[in-house]
Amino acid sequence: MKEVKKSVKRLKSKKTVIEEEGKTLVKNHVTEITVSESELGDLVPKKMFLFRPRIVSTRFCYVPCRKVVLQYSVSYFSARRTDKGRLTFIVDDKKGTGVIEDNIKLKIIRKSIEGDLIEEEFFSDEQAVKKAVVDARWKVLLSKYKKPPELEVISSEKFYRPYYEVLYSFGGKEKKAWIPADRYGTYFVYN
């Protein structure tokens with residue numbers, strides 16, 4: 001299992017780094033942890049929806065994500081019939097790209113976290129925005145309107161999501177699952 005983490009030197013170059021009791025703490029925007037390690041048995045994929053797997057090991061970390069807000073407009077039948085709206089995407093390398101439903105409010109707070117718990121960044125800001133735009137155009141809105149929309153990027157914000165990397169087994173076969181520890185794992189996901 002390959003673990004990639006930011007080097008402490010690179011983290012120390014930022015102004016938001018605090019040294020405390022031998023630990024390197026980094027102030028970042030994160031979502032709150034709402035899932036405890038004891039709940040992981042219920043959240044790991046089950047076999048035939050009944051049998052619980054045996055959890056071999058768990059590891060907690062923070063994964064860099066992007067919150068991309070897009071505004072769209074689609075004209076159909078005539079120029080006077082136009083639908084407009086906003087879509088909010090979360091882009092990360094563990095869950096893919098997903099649209100957050102309108103009734104879910106993403107709560108992001110500023111918190112000091114240990115530098116060792118931060119995973120290496122997978123997507124750049126440009127790549128995340130491009131992935132959100134492509135998915136919005138071809139997977140979300142085209143299926144609803146049957147016509148490609150006009151899209152405008154409103155904002156792109158980096159934040160960190162808490163995740164559990166869980167190694168579990170069924171009958172001797174081990175598998176790995178990434179479980180979000182912030183309960184935003186229910187958003188509509190594309191891979």
# chains A, B, ... in the order shown; residues from 1 in each chain; ligands from 1

call {"tool": "select_by_dssp", "arguments": {"residues": "segment 10-181 of chain A", "states": "alpha helix (DSSP H)", "output": "PDB file with all heavy atoms, in the first residue's frame"}}
result
ATOM      1  N   ARG A  10       7.865  21.316   3.068  1.00  0.00           N
ATOM      2  CA  ARG A  10       6.930  22.038   2.218  1.00  0.00           C
ATOM      3  C   ARG A  10       5.813  22.649   3.050  1.00  0.00           C
ATOM      4  O   ARG A  10       5.346  23.741   2.785  1.00  0.00           O
ATOM      5  CB  ARG A  10       6.348  21.093   1.167  1.00  0.00           C
ATOM      6  CG  ARG A  10       5.909  21.829  -0.054  1.00  0.00           C
ATOM      7  CD  ARG A  10       5.606  20.860  -1.152  1.00  0.00           C
ATOM      8  NE  ARG A  10       4.189  20.977  -1.405  1.00  0.00           N
ATOM      9  CZ  ARG A  10       3.434  20.039  -1.844  1.00  0.00           C
ATOM     10  NH1 ARG A  10       3.923  18.860  -2.101  1.00  0.00           N
ATOM     11  NH2 ARG A  10       2.156  20.226  -2.055  1.00  0.00           N
ATOM     12  N   LEU A  11       5.381  21.952   4.079  1.00  0.00           N
ATOM     13  CA  LEU A  11       4.331  22.481   4.948  1.00  0.00           C
ATOM     14  C   LEU A  11       4.822  23.655   5.776  1.00  0.00           C
ATOM     15  O   LEU A  11       4.093  24.604   6.016  1.00  0.00           O
ATOM     16  CB  LEU A  11       3.805  21.388   5.881  1.00  0.00           C
ATOM     17  CG  LEU A  11       2.944  20.316   5.237  1.00  0.00           C
ATOM     18  CD1 LEU A  11       2.649  19.224   6.251  1.00  0.00           C
ATOM     19  CD2 LEU A  11       1.659  20.897   4.704  1.00  0.00           C
ATOM     20  N   LYS A  12       6.093  23.598   6.220  1.00  0.00           N
ATOM     21  CA  LYS A  12       6.625  24.662   7.066  1.00  0.00           C
ATOM     22  C   LYS A  12       6.772  25.973   6.316  1.00  0.00           C
ATOM     23  O   LYS A  12       6.840  27.026   6.923  1.00  0.00           O
ATOM     24  CB  LYS A  12       7.972  24.249   7.665  1.00  0.00           C
ATOM     25  CG  LYS A  12       7.833  23.247   8.779  1.00  0.00           C
ATOM     26  CD  LYS A  12       9.171  22.917   9.375  1.00  0.00           C
ATOM     27  CE  LYS A  12       8.999  21.909  10.498  1.00  0.00           C
ATOM     28  NZ  LYS A  12      10.265  21.529  11.093  1.00  0.00           N
ATOM     29  N   LEU A  40     -17.597   2.295  11.558  1.00  0.00           N
ATOM     30  CA  LEU A  40     -17.101   1.848  10.261  1.00  0.00           C
ATOM     31  C   LEU A  40     -17.629   0.488   9.844  1.00  0.00           C
ATOM     32  O   LEU A  40     -17.806   0.224   8.660  1.00  0.00           O
ATOM     33  CB  LEU A  40     -15.572   1.842  10.246  1.00  0.00           C
ATOM     34  CG  LEU A  40     -14.911   3.214  10.308  1.00  0.00           C
ATOM     35  CD1 LEU A  40     -13.397   3.067  10.352  1.00  0.00           C
ATOM     36  CD2 LEU A  40     -15.327   4.066   9.134  1.00  0.00           C
ATOM     37  N   GLY A  41     -17.916  -0.381  10.785  1.00  0.00           N
ATOM     38  CA  GLY A  41     -18.463  -1.700  10.462  1.00  0.00           C
ATOM     39  C   GLY A  41     -19.796  -1.616   9.729  1.00  0.00           C
ATOM     40  O   GLY A  41     -20.094  -2.438   8.864  1.00  0.00           O
ATOM     41  N   ASP A  42     -20.585  -0.606  10.038  1.00  0.00           N
ATOM     42  CA  ASP A  42     -21.873  -0.424   9.368  1.00  0.00           C
ATOM     43  C   ASP A  42     -21.733   0.257   8.013  1.00  0.00           C
ATOM     44  O   ASP A  42     -22.615   0.149   7.164  1.00  0.00           O
ATOM     45  CB  ASP A  42     -22.812   0.413  10.241  1.00  0.00           C
ATOM     46  CG  ASP A  42     -23.152  -0.273  11.547  1.00  0.00           C
ATOM     47  OD1 ASP A  42     -23.180  -1.528  11.565  1.00  0.00           O
ATOM     48  OD2 ASP A  42     -23.374   0.427  12.551  1.00  0.00           O
ATOM     49  N   LEU A  43     -20.645   0.985   7.790  1.00  0.00           N
ATOM     50  CA  LEU A  43     -20.474   1.763   6.566  1.00  0.00           C
ATOM     51  C   LEU A  43     -19.659   1.055   5.485  1.00  0.00           C
ATOM     52  O   LEU A  43     -19.679   1.466   4.332  1.00  0.00           O
ATOM     53  CB  LEU A  43     -19.812   3.100   6.909  1.00  0.00           C
ATOM     54  CG  LEU A  43     -20.609   3.988   7.857  1.00  0.00           C
ATOM     55  CD1 LEU A  43     -19.790   5.202   8.267  1.00  0.00           C
ATOM     56  CD2 LEU A  43     -21.918   4.418   7.238  1.00  0.00           C
ATOM     57  N   ASP A 125      -6.198  22.802  -9.391  1.00  0.00           N
ATOM     58  CA  ASP A 125      -7.448  23.560  -9.457  1.00  0.00           C
ATOM     59  C   ASP A 125      -8.019  23.540 -10.872  1.00  0.00           C
ATOM     60  O   ASP A 125      -9.223  23.357 -11.061  1.00  0.00           O
ATOM     61  CB  ASP A 125      -7.221  24.998  -8.985  1.00  0.00           C
ATOM     62  CG  ASP A 125      -8.525  25.743  -8.779  1.00  0.00           C
ATOM     63  OD1 ASP A 125      -9.479  25.137  -8.254  1.00  0.00           O
ATOM     64  OD2 ASP A 125      -8.609  26.921  -9.171  1.00  0.00           O
ATOM     65  N   GLU A 126      -7.171  23.697 -11.873  1.00  0.00           N
ATOM     66  CA  GLU A 126      -7.632  23.703 -13.263  1.00  0.00           C
ATOM     67  C   GLU A 126      -8.231  22.354 -13.653  1.00  0.00           C
ATOM     68  O   GLU A 126      -9.245  22.291 -14.340  1.00  0.00           O
ATOM     69  CB  GLU A 126      -6.479  24.055 -14.225  1.00  0.00           C
ATOM     70  CG  GLU A 126      -5.935  25.455 -14.065  1.00  0.00           C
ATOM     71  CD  GLU A 126      -4.918  25.567 -12.923  1.00  0.00           C
ATOM     72  OE1 GLU A 126      -4.260  24.562 -12.565  1.00  0.00           O
ATOM     73  OE2 GLU A 126      -4.809  26.667 -12.368  1.00  0.00           O
ATOM     74  N   GLN A 127      -7.593  21.260 -13.246  1.00  0.00           N
ATOM     75  CA  GLN A 127      -8.106  19.928 -13.562  1.00  0.00           C
ATOM     76  C   GLN A 127      -9.449  19.677 -12.882  1.00  0.00           C
ATOM     77  O   GLN A 127     -10.345  19.087 -13.486  1.00  0.00           O
ATOM     78  CB  GLN A 127      -7.105  18.860 -13.123  1.00  0.00           C
ATOM     79  CG  GLN A 127      -5.849  18.807 -13.940  1.00  0.00           C
ATOM     80  CD  GLN A 127      -4.822  17.861 -13.330  1.00  0.00           C
ATOM     81  OE1 GLN A 127      -4.679  17.793 -12.108  1.00  0.00           O
ATOM     82  NE2 GLN A 127      -4.113  17.138 -14.184  1.00  0.00           N
ATOM     83  N   ALA A 128      -9.592  20.117 -11.637  1.00  0.00           N
ATOM     84  CA  ALA A 128     -10.848  19.919 -10.914  1.00  0.00           C
ATOM     85  C   ALA A 128     -11.983  20.703 -11.564  1.00  0.00           C
ATOM     86  O   ALA A 128     -13.092  20.187 -11.722  1.00  0.00           O
ATOM     87  CB  ALA A 128     -10.681  20.333  -9.453  1.00  0.00           C
ATOM     88  N   VAL A 129     -11.713  21.952 -11.946  1.00  0.00           N
ATOM     89  CA  VAL A 129     -12.744  22.764 -12.604  1.00  0.00           C
ATOM     90  C   VAL A 129     -13.121  22.141 -13.939  1.00  0.00           C
ATOM     91  O   VAL A 129     -14.308  22.048 -14.272  1.00  0.00           O
ATOM     92  CB  VAL A 129     -12.257  24.218 -12.772  1.00  0.00           C
ATOM     93  CG1 VAL A 129     -13.172  25.002 -13.698  1.00  0.00           C
ATOM     94  CG2 VAL A 129     -12.165  24.904 -11.424  1.00  0.00           C
ATOM     95  N   LYS A 130     -12.131  21.688 -14.696  1.00  0.00           N
ATOM     96  CA  LYS A 130     -12.415  21.071 -15.998  1.00  0.00           C
ATOM     97  C   LYS A 130     -13.260  19.813 -15.826  1.00  0.00           C
ATOM     98  O   LYS A 130     -14.218  19.589 -16.579  1.00  0.00           O
ATOM     99  CB  LYS A 130     -11.105  20.737 -16.705  1.00  0.00           C
ATOM    100  CG  LYS A 130     -11.299  20.175 -18.092  1.00  0.00           C
ATOM    101  CD  LYS A 130      -9.974  19.917 -18.775  1.00  0.00           C
ATOM    102  CE  LYS A 130     -10.207  19.330 -20.156  1.00  0.00           C
ATOM    103  NZ  LYS A 130      -8.951  19.009 -20.825  1.00  0.00           N
ATOM    104  N   LYS A 131     -12.929  18.985 -14.829  1.00  0.00           N
ATOM    105  CA  LYS A 131     -13.695  17.759 -14.582  1.00  0.00           C
ATOM    106  C   LYS A 131     -15.124  18.092 -14.187  1.00  0.00           C
ATOM    107  O   LYS A 131     -16.070  17.445 -14.654  1.00  0.00           O
ATOM    108  CB  LYS A 131     -13.010  16.942 -13.491  1.00  0.00           C
ATOM    109  CG  LYS A 131     -13.688  15.632 -13.207  1.00  0.00           C
ATOM    110  CD  LYS A 131     -12.701  14.535 -13.082  1.00  0.00           C
ATOM    111  CE  LYS A 131     -13.313  13.188 -12.803  1.00  0.00           C
ATOM    112  NZ  LYS A 131     -14.212  12.714 -13.809  1.00  0.00           N
ATOM    113  N   ALA A 132     -15.329  19.112 -13.358  1.00  0.00           N
ATOM    114  CA  ALA A 132     -16.678  19.509 -12.952  1.00  0.00           C
ATOM    115  C   ALA A 132     -17.474  20.038 -14.143  1.00  0.00           C
ATOM    116  O   ALA A 132     -18.652  19.716 -14.298  1.00  0.00           O
ATOM    117  CB  ALA A 132     -16.608  20.556 -11.849  1.00  0.00           C
ATOM    118  N   VAL A 133     -16.839  20.830 -14.997  1.00  0.00           N
ATOM    119  CA  VAL A 133     -17.525  21.385 -16.175  1.00  0.00           C
ATOM    120  C   VAL A 133     -17.934  20.270 -17.136  1.00  0.00           C
ATOM    121  O   VAL A 133     -19.059  20.243 -17.633  1.00  0.00           O
ATOM    122  CB  VAL A 133     -16.630  22.439 -16.883  1.00  0.00           C
ATOM    123  CG1 VAL A 133     -17.157  22.770 -18.261  1.00  0.00           C
ATOM    124  CG2 VAL A 133     -16.526  23.694 -16.039  1.00  0.00           C
ATOM    125  N   VAL A 134     -17.032  19.337 -17.401  1.00  0.00           N
ATOM    126  CA  VAL A 134     -17.330  18.229 -18.314  1.00  0.00           C
ATOM    127  C   VAL A 134     -18.472  17.383 -17.756  1.00  0.00           C
ATOM    128  O   VAL A 134     -19.419  17.026 -18.472  1.00  0.00           O
ATOM    129  CB  VAL A 134     -16.070  17.370 -18.568  1.00  0.00           C
ATOM    130  CG1 VAL A 134     -16.415  16.053 -19.239  1.00  0.00           C
ATOM    131  CG2 VAL A 134     -15.070  18.143 -19.401  1.00  0.00           C
ATOM    132  N   ASP A 135     -18.421  17.054 -16.469  1.00  0.00           N
ATOM    133  CA  ASP A 135     -19.481  16.248 -15.872  1.00  0.00           C
ATOM    134  C   ASP A 135     -20.806  16.998 -15.838  1.00  0.00           C
ATOM    135  O   ASP A 135     -21.864  16.407 -16.050  1.00  0.00           O
ATOM    136  CB  ASP A 135     -19.093  15.803 -14.465  1.00  0.00           C
ATOM    137  CG  ASP A 135     -18.104  14.645 -14.492  1.00  0.00           C
ATOM    138  OD1 ASP A 135     -17.710  14.228 -15.597  1.00  0.00           O
ATOM    139  OD2 ASP A 135     -17.732  14.157 -13.412  1.00  0.00           O
ATOM    140  N   LEU A 142     -27.144  17.386 -19.662  1.00  0.00           N
ATOM    141  CA  LEU A 142     -27.549  16.825 -20.939  1.00  0.00           C
ATOM    142  C   LEU A 142     -28.608  15.741 -20.760  1.00  0.00           C
ATOM    143  O   LEU A 142     -29.531  15.617 -21.557  1.00  0.00           O
ATOM    144  CB  LEU A 142     -26.339  16.280 -21.697  1.00  0.00           C
ATOM    145  CG  LEU A 142     -26.599  15.843 -23.139  1.00  0.00           C
ATOM    146  CD1 LEU A 142     -26.980  17.056 -23.990  1.00  0.00           C
ATOM    147  CD2 LEU A 142     -25.393  15.164 -23.734  1.00  0.00           C
ATOM    148  N   SER A 143     -28.505  14.981 -19.681  1.00  0.00           N
ATOM    149  CA  SER A 143     -29.515  13.942 -19.428  1.00  0.00           C
ATOM    150  C   SER A 143     -30.865  14.554 -19.060  1.00  0.00           C
ATOM    151  O   SER A 143     -31.905  13.967 -19.318  1.00  0.00           O
ATOM    152  CB  SER A 143     -29.041  13.008 -18.315  1.00  0.00           C
ATOM    153  OG  SER A 143     -28.957  13.708 -17.094  1.00  0.00           O
ATOM    154  N   LYS A 144     -30.858  15.742 -18.497  1.00  0.00           N
ATOM    155  CA  LYS A 144     -32.115  16.397 -18.108  1.00  0.00           C
ATOM    156  C   LYS A 144     -32.732  17.193 -19.262  1.00  0.00           C
ATOM    157  O   LYS A 144     -33.932  17.135 -19.485  1.00  0.00           O
ATOM    158  CB  LYS A 144     -31.847  17.330 -16.923  1.00  0.00           C
ATOM    159  CG  LYS A 144     -33.080  18.001 -16.380  1.00  0.00           C
ATOM    160  CD  LYS A 144     -32.753  18.822 -15.156  1.00  0.00           C
ATOM    161  CE  LYS A 144     -33.999  19.491 -14.610  1.00  0.00           C
ATOM    162  NZ  LYS A 144     -33.693  20.287 -13.425  1.00  0.00           N
ATOM    163  N   TYR A 145     -31.898  17.941 -19.999  1.00  0.00           N
ATOM    164  CA  TYR A 145     -32.419  18.848 -21.022  1.00  0.00           C
ATOM    165  C   TYR A 145     -32.221  18.362 -22.455  1.00  0.00           C
ATOM    166  O   TYR A 145     -32.753  18.944 -23.386  1.00  0.00           O
ATOM    167  CB  TYR A 145     -31.767  20.231 -20.876  1.00  0.00           C
ATOM    168  CG  TYR A 145     -32.141  20.910 -19.592  1.00  0.00           C
ATOM    169  CD1 TYR A 145     -31.216  21.037 -18.566  1.00  0.00           C
ATOM    170  CD2 TYR A 145     -33.412  21.428 -19.397  1.00  0.00           C
ATOM    171  CE1 TYR A 145     -31.558  21.661 -17.383  1.00  0.00           C
ATOM    172  CE2 TYR A 145     -33.761  22.053 -18.218  1.00  0.00           C
ATOM    173  CZ  TYR A 145     -32.823  22.164 -17.213  1.00  0.00           C
ATOM    174  OH  TYR A 145     -33.160  22.778 -16.040  1.00  0.00           O
TER     175      TYR A 145
END

call {"tool": "closest_atom_pairs", "arguments": {"of": "segment 9-113 of chain A", "to": "segment 162-186 of chain A", "cutoff": "10 Å", "atoms": "only C-alpha atoms", "output": "Markdown table"}}
result
| residue | atom | partner | partner_atom | distance |
| --- | --- | --- | --- | --- |
| A:Val30 | CA | A:Pro162 | CA | 7.6 |
| A:Thr31 | CA | A:Asp182 | CA | 6.3 |
| A:Glu32 | CA | A:Asp182 | CA | 5.7 |
| A:Ile33 | CA | A:Asp182 | CA | 4.8 |
| A:Thr34 | CA | A:Asp182 | CA | 5.0 |
| A:Val35 | CA | A:Ala181 | CA | 4.8 |
| A:Ser36 | CA | A:Ala181 | CA | 7.4 |
| A:Glu37 | CA | A:Tyr164 | CA | 8.1 |
| A:Glu39 | CA | A:Ala181 | CA | 9.9 |
| A:Leu40 | CA | A:Ile179 | CA | 8.0 |
| A:Gly41 | CA | A:Tyr168 | CA | 9.3 |
| A:Leu43 | CA | A:Ile179 | CA | 7.3 |
| A:Val44 | CA | A:Ala177 | CA | 7.0 |
| A:Pro45 | CA | A:Ala177 | CA | 8.0 |
| A:Lys46 | CA | A:Phe170 | CA | 9.1 |
| A:Lys47 | CA | A:Phe170 | CA | 8.0 |
| A:Phe51 | CA | A:Phe170 | CA | 9.0 |
| A:Arg52 | CA | A:Phe170 | CA | 8.5 |
| A:Pro53 | CA | A:Phe170 | CA | 5.6 |
| A:Arg54 | CA | A:Ser169 | CA | 5.3 |
| A:Ile55 | CA | A:Tyr168 | CA | 4.3 |
| A:Val56 | CA | A:Tyr168 | CA | 5.1 |
| A:Ser57 | CA | A:Leu167 | CA | 5.2 |
| A:Thr58 | CA | A:Val166 | CA | 4.5 |
| A:Arg59 | CA | A:Glu165 | CA | 5.1 |
| A:Phe60 | CA | A:Tyr164 | CA | 4.6 |
| A:Cys61 | CA | A:Tyr163 | CA | 5.5 |
| A:Tyr62 | CA | A:Pro162 | CA | 4.5 |
| A:Val63 | CA | A:Pro162 | CA | 6.4 |
| A:Pro64 | CA | A:Pro162 | CA | 9.1 |
| A:Ile90 | CA | A:Tyr184 | CA | 9.8 |
| A:Lys94 | CA | A:Trp178 | CA | 6.6 |
| A:Lys95 | CA | A:Trp178 | CA | 7.8 |
| A:Gly98 | CA | A:Thr186 | CA | 9.4 |
| A:Val99 | CA | A:Thr186 | CA | 9.9 |
| A:Ile100 | CA | A:Tyr184 | CA | 8.5 |
| A:Glu101 | CA | A:Thr186 | CA | 9.1 |
| A:Ile104 | CA | A:Tyr184 | CA | 8.4 |
| A:Lys105 | CA | A:Tyr184 | CA | 9.5 |
| A:Leu106 | CA | A:Tyr184 | CA | 7.9 |
| A:Lys107 | CA | A:Asp182 | CA | 9.6 |

call {"tool": "closest_residue", "arguments": {"among": "A:Ser73, A:Arg161, A:Ile113, A:Asp92", "to": "Lys23 of chain A", "atoms": "only C-alpha atoms"}}
result
A:Ile113

call {"tool": "closest_residue", "arguments": {"among": "A:Ser112, A:Ala136, A:Ile118, A:Val153", "to": "Lys27 of chain A", "atoms": "only C-alpha atoms"}}
result
A:Ser112

call {"tool": "residues_around", "arguments": {"residues": "Val91 of chain A", "least_positions_apart": "5", "cutoff": "6 Å", "atoms": "only C-alpha atoms", "output": "number ranges by chain"}}
result
A: 65-66, 97

call {"tool": "atom_distance", "arguments": {"atom1": "atom CA of Ser124 of chain A", "atom2": "atom CA of Asp93 of chain A"}}
result
11.1 Å
